[in-house]
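As structure tokens, the structure follows; a few thoughts come after it.
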Amino acid sequence: MRLALAALALTFALPASAAEPDLAYGAYQAGHYRRAQAEALKRLEADPKDAAAMTLLGEIYRQGLGVRIDPKAAADWYRLAAEKGDINAIFALGMAMLEGRGLTRDPKAGGALLEKAAAAGHPAANYNLALALLATGRPQDDQRAIACLRIAAAADLADAQHALGVLYKMGRGVAQDDTVAAEWMGKAAANGLIAGEVEYAIMLFNGDGVAKDERAAGKLFIRAANKGNAIAQNRLAKLYQFGRAVPPDLSEAAAWHLAARAQGLADATLDQVLERLSPEQRARAARLAADRIEATALTTPSQPSK
């Protein structure tokens, strides 16, 4: 696990007297970022202390949503909002300080802000603090990390649910328990986290900590494979090879193997399956693989700059 900026859980509070919908946040949610910026600036004209509007502007500049990416402008807006107590801004400013984005890197000050946001119950702050604690390798920090992950997982942060599943499976910081590990992996999978889908599928297929269910496992492997996960593509290829959870189909097996191999996941056994195909089957497998690789490239969202 590595320290990484989790997605901000942006929330915006309207002034008590306001009866209108939150136009700035509504535009942001709808993907109309220039309008979101304009509406946030209007809110600040009406109330220069509107911390939520400041945080929204920071996020717009951090990701470059409708504007050029500007880490310094983002940090400046986050700082203004953090000074007014906005929990999202405190978290974002802390992460910016830890990573040196838009300001001088300051691990001590950044860590203090992360601790502050986590203590206030911010899910992503708790998740990122947990990763930092786990990185120390100290047993007492593992215990704190588990507590932080529980807070984040309870807020349906899929990364935290997956992390708890991993820790329960390892028996790190908690008593080893495959049943609890499977419960957390299942929640991460239900929330669409690819790593959760793959690991829960493996647990379902093998009956580790959960009732064995090859059909359910196959569905999860298909879902993750179509999102471009190489491990899922490799496992799905084997399912098609042996007709487990899906009808046997060597062309499909070869196609998913080629997709996984294109990402660097080699498998000598599946290479042999490919070699045994007729020229027509091999050509079909190559077409299917190319189509899936292209589809994944077109549908996988780009990660916002940090």
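Within each chain, counting starts at residue 1; across the structure tokens, chains are named A, B, ... in the order shown, with ligands numbered 1 upward in that order.
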
* **Spatial neighbours of stretch 102-117 of chain A, 6 Å, only C-alpha atoms, chain gap at least 3 places, as number ranges by chain** => A: 71-72, 75, 87, 90-91, 94, 97-98, 120, 122, 125

Would you mind exporting the chosen residues as a PDB file, in the first residue's frame, restricted to N, CA, C and O atoms?
```
ATOM      1  N   PRO A  71      -1.536  23.893  -9.464  1.00  0.00           N
ATOM      2  CA  PRO A  71      -1.395  23.427  -8.089  1.00  0.00           C
ATOM      3  C   PRO A  71      -1.283  24.554  -7.072  1.00  0.00           C
ATOM      4  O   PRO A  71      -1.789  24.437  -5.953  1.00  0.00           O
ATOM      5  N   LYS A  72      -0.638  25.656  -7.460  1.00  0.00           N
ATOM      6  CA  LYS A  72      -0.490  26.778  -6.508  1.00  0.00           C
ATOM      7  C   LYS A  72      -1.837  27.429  -6.218  1.00  0.00           C
ATOM      8  O   LYS A  72      -2.167  27.714  -5.060  1.00  0.00           O
ATOM      9  N   ALA A  75      -3.765  25.118  -3.970  1.00  0.00           N
ATOM     10  CA  ALA A  75      -3.298  25.170  -2.584  1.00  0.00           C
ATOM     11  C   ALA A  75      -3.721  26.457  -1.898  1.00  0.00           C
ATOM     12  O   ALA A  75      -4.083  26.460  -0.711  1.00  0.00           O
ATOM     13  N   ILE A  87     -13.496  20.944   6.373  1.00  0.00           N
ATOM     14  CA  ILE A  87     -12.814  19.673   6.580  1.00  0.00           C
ATOM     15  C   ILE A  87     -12.214  19.121   5.289  1.00  0.00           C
ATOM     16  O   ILE A  87     -11.120  18.544   5.281  1.00  0.00           O
ATOM     17  N   ILE A  90      -9.041  21.073   4.686  1.00  0.00           N
ATOM     18  CA  ILE A  90      -7.982  20.677   5.611  1.00  0.00           C
ATOM     19  C   ILE A  90      -7.305  19.405   5.102  1.00  0.00           C
ATOM     20  O   ILE A  90      -6.077  19.295   5.082  1.00  0.00           O
ATOM     21  N   PHE A  91      -8.116  18.444   4.674  1.00  0.00           N
ATOM     22  CA  PHE A  91      -7.560  17.210   4.110  1.00  0.00           C
ATOM     23  C   PHE A  91      -6.747  17.499   2.851  1.00  0.00           C
ATOM     24  O   PHE A  91      -5.603  17.048   2.713  1.00  0.00           O
ATOM     25  N   GLY A  94      -3.511  19.299   3.553  1.00  0.00           N
ATOM     26  CA  GLY A  94      -2.560  18.384   4.167  1.00  0.00           C
ATOM     27  C   GLY A  94      -1.889  17.497   3.137  1.00  0.00           C
ATOM     28  O   GLY A  94      -0.667  17.300   3.165  1.00  0.00           O
ATOM     29  N   MET A  97       0.611  19.457   1.109  1.00  0.00           N
ATOM     30  CA  MET A  97       1.854  19.677   1.855  1.00  0.00           C
ATOM     31  C   MET A  97       2.706  18.410   1.894  1.00  0.00           C
ATOM     32  O   MET A  97       3.933  18.468   1.783  1.00  0.00           O
ATOM     33  N   LEU A  98       2.066  17.262   2.057  1.00  0.00           N
ATOM     34  CA  LEU A  98       2.805  16.001   2.089  1.00  0.00           C
ATOM     35  C   LEU A  98       3.490  15.721   0.758  1.00  0.00           C
ATOM     36  O   LEU A  98       4.582  15.162   0.713  1.00  0.00           O
ATOM     37  N   ALA A 120     -11.668  14.396  12.657  1.00  0.00           N
ATOM     38  CA  ALA A 120     -13.013  14.937  12.436  1.00  0.00           C
ATOM     39  C   ALA A 120     -13.892  13.972  11.649  1.00  0.00           C
ATOM     40  O   ALA A 120     -15.051  14.286  11.354  1.00  0.00           O
ATOM     41  N   HIS A 122     -13.206  12.570   8.508  1.00  0.00           N
ATOM     42  CA  HIS A 122     -13.144  12.639   7.043  1.00  0.00           C
ATOM     43  C   HIS A 122     -12.701  11.288   6.496  1.00  0.00           C
ATOM     44  O   HIS A 122     -11.607  10.797   6.823  1.00  0.00           O
ATOM     45  N   ALA A 125      -9.315  11.156   4.528  1.00  0.00           N
ATOM     46  CA  ALA A 125      -8.205  11.467   5.430  1.00  0.00           C
ATOM     47  C   ALA A 125      -7.871  10.255   6.280  1.00  0.00           C
ATOM     48  O   ALA A 125      -6.697   9.927   6.496  1.00  0.00           O
TER      49      ALA A 125
END
```

* To do: With a distance cut-off of 10 Å and only C-alpha atoms, select the neighbouring residues of A:Ile146, excluding the residue or stretch itself and same-chain residues fewer than 5 positions from it, and output the selection as a count of residues only.
  => 17

* Asked: Which of stretch 87-175 of chain A counts as alpha helix (DSSP H) under DSSP, as an MDAnalysis selection string please?
  -> chainID A and resid 87:99 107:119 123:136 139:154 158:170

* Asked: For A:Val246, which of A:Glu214, A:Asp70, A:Asp142, A:Asp47 is the closest residue, counting only C-alpha atoms?
  ->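 Nearest candidate to A:Val246 out of A:Glu214, A:Asp70, A:Asp142, A:Asp47: A:Glu214.
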
* To do: Between A:Ala255, A:Leu23, A:Ile231, A:Ala51, single out the one closest to A:Asp86, counting only C-alpha atoms.
  => A:Ala51
